[in-house]
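Peer 1: One structure follows; several queries about it will come next.
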Amino acid sequence: MKFSSLFIGITAFILGRPGNNPAPPREALEAIRASDIRQHINFLAADSLKGRNTPSPELDRAAEYIAAEFKRAGLKPLQGSYFNNFNLSTIRLGNENALAVTTGGREVTYTIKQDFMPFDMTASKMVTAPVVFAGYGITAPEYGYDDYADLDVKNKIVLVLRHEPGEKDPASPFTGEKETTHSQTSTKVQNAIDHGAAGLLIVTDPANHRSLAPRGFPWPSLFEGIPDDALPLTLALAEKEKISVVQVGETVIQQIVGSVDTLRSWQQEIDRTRKTKSLALTNVQVKLQTTTETALQPTRNVVGLIEGSDKKLKNELVVIGAHYDHVGYKKQHEEGEDYIFNGADDNASGTSAVLAMAQAFSASKKKPKRSVLLMTFAGEEKGLFGSRAYVEQPLWALENTVAMLNLDMVGRNSPDSVSVGSVTRSPDLIKINEEENQSVGFKLDYSIEQFHNRSDQYNFARKKIPFLFYFTGLHGDYHQVGDHPDKINEHKIARIATLAFRVAWRVANTAQRYQLVEPQ
Amino acid sequence: MISMADSDLTIQIPKSAIDNSQFKIFHSNSYGGSMRLQKLSKITVGVVTLSMIAGFAVAAGAYKLAFSMKKGQRFIYKMKTTTEQSMEMMGREMASSVNGTTVMHLDVEEVSKTGDITFVYAIDSLQTHMKNPMMQMDSTFKNPAGVIGKRTRFTMTAAGKKISSTVIDSVKLSGVMAQVSGGRQNTFTLIELSDKEIKAGESWTTNKVDTINQAGGTLMLTSSTTYTVGSEVDTLGYKCVRLITKGKTALKGEGTQMGAKLFFEGEGPTTGVVYFAPKEGLLVAMTTDSDLEMTIAVTGPQNMTIPQTTATKTSLVLVK
């Protein structure tokens, strides 16, 4: 070969690489094998794992399997463990719950369910304090609105309306009729805590809603027809300050405010003027007690680390994740009936892809400059709990986490196409993905915005971390007992794992930071 | 993939639980408040019709109300229903509303010697507007195929007690209307008039228990309504007596859908006014407000307890 030809060839090869970026090592790509993926799926989606419900012994078995695979691939534990432990919890209403209101020297004791109802985020506390009306209980600088402006609620019980100003007004500055997060009870509770409130009374806004029944949280113990095991699991984060939070009904409002009409007129004034109407309610004293009992359910994500090779960039992290849990099995079923939700596609497929990528990183003679964390999440099907637990208490500083690639349901439908989420949110990563896909050859689809909040990338996006979300679409076996291993295309998963690995390799071998764009 | 915003589990809540009017109402097609757990709330419309004819006897300001109709008579009623519903799931509140207008007719087929009345009713037109800002849903449905003209035969006593009800033409729906209907055929709920002579200010109470097969199980709907005779007023050209109604409806039951066990429990008040023309023996108009606070629980692949509030306002007038 002539030198000039060789030069041209080398130049063409280098320039032919998208963005002049390092090619992923061949040995790494070759380590992504469909046969391995098939083996992982056959284990994770076997009947013996009974649908990997969170929590369950079978989910624990899956976690042990994944951890063993990470270890076998040479991935390192993080903070001494392959497990990222967190707690889920079931919260039950305690026995001691009381509300008494004193006005004009007259104390009236109210009845739970009939007059007031605790929310599930309430504290186990008793407080006696004066009452302050704080409008909708919203602090929203982006809308130039603050019910707490110039209002001292420290150590006081705050009374707020549900919803938000102009709830039924298409022209409302609060995004018209579509509610904002400020409308949510959890946001109002946190805002009250942030302002130092000692307790929170929430009432349905009477100008827009006829029924003022104290809905609160429907505790099974207060309904004879509602079974206790309907109580949902929730994420038990590190105990933060809580306050007693209840919804109150018409009788309580009549005593505290004077009448529902008065409260309605206050609300109408706020809605009309878009100005807050907060005020201390004189001569009103409330004694509020709520109690809950929390049963913790230890749960764990599985993590494995590829330590970066660059002295500086190794402190930055690329996360590759998939949830490994599914929805369990039917407790009530006929003999001989298929009763196990195997979850082969959802999401043994994504988990197997992550394991294949772990093998690829392990097989590579050259290590990426940035560190890479391979991670499988528990509790996704219960409410994205594993990823939420991680981002709330991360093992690696989130400001040094440069990207997250999530794989969820990647083993079905057309063999030649894959959907990729984040087209509007992570344009930099989308571009890289498109460039790397030139070597893989998928038909890329971006029309999955409606799934954004339905898998674990959502929690990373909430923390401003750019992401890609690989997904091959719903099908008739979605969350059905028919989501069997034999319906999975392991060759497709291998190609998707290859594409994701190529993207991860690119991202992990540059100092570039990527952008997360919030949709308008 | 968590099922948060799509359709893997549908809970059908009986329309009769939402539109728990205590009047003589027949649900010509009782569309249930349909809640797709993930597609969230799609409520329904109530296609509710109402009609009654009453014979009467008046003596010194007292009324003896009894239903009477003549063979061959046709009555046309127009009803408007507004339903607002909100539920809370995973910390998010989902609100939706349904406005419906229904025109229906009632043909009297037979009146027995004992006063039992048999009539056939059917919907002539139906328009439903559904709105769910969270789901960016704002749709109007007109005269859905499979509903218009579908007949049900109903027989009741002169006091308004149901004797029998027979579907003549099955209601068949597709698309969204099928999703929200719960696939229910026509049902009929009566008011039972007092069997005694009553005067202004006097009351009578009816209690009912209905069993509904829905949501893959059985739901029990109990209602208690007190009717109080009010003043006489001119309404739509008729001299009517006002019957002030106040009641309570409760729902309880369970079902199974797609491997999940569902539980329902709720109750709420109803109030209203019936405008009754004693001389003509005709129900001329009525209004009713009903609220239902319900808890829906799900056990199985996912556990949930979902509070739901439904407020329904109904008005009905005799057109012809």
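Following the order of the structure tokens, chains are lettered A, B, ..., residues in each are numbered from 1, and ligands are numbered from 1.
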Tell me as an NGL selection string which residues belonging to chain B come within 7 Å of chain A, counting only C-alpha atoms.

Peer 2: :B and (1-4 or 91-92 or 133-134 or 252 or 259 or 263 or 265 or 291 or 295 or 297-307 or 311)

Peer 1: Leaving out Leu317 in chain A and any residue of its chain fewer than 2 positions from it, which residues lie within 10 Å of it when counting only C-alpha atoms, given as a ChimeraX atom specification?

Peer 2: /A:305-308,313-315,319-320,369-373,396-404,507-508

Peer 1: So how far away is CA of Gly105 in chain A from CA of Ile157 in chain A, in Å?

Peer 2: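 Between these atoms lies a distance of 18.1 Å.
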
Peer 1: Which residue out of A:Pro118, A:Gly199, A:Gly411, A:Pro57 has the minimum interatomic distance to Ile41 in chain A when only C-alpha atoms are used?

Peer 2: A:Gly411

Peer 1: Excluding Val260 in chain A and its own-chain neighbours fewer than 2 positions away, which residues fall within 10 Å of it when counting only C-alpha atoms? Please give them as a PyMOL selection string.

Peer 2: chain A and resi 205-207+212+249-258+262-266
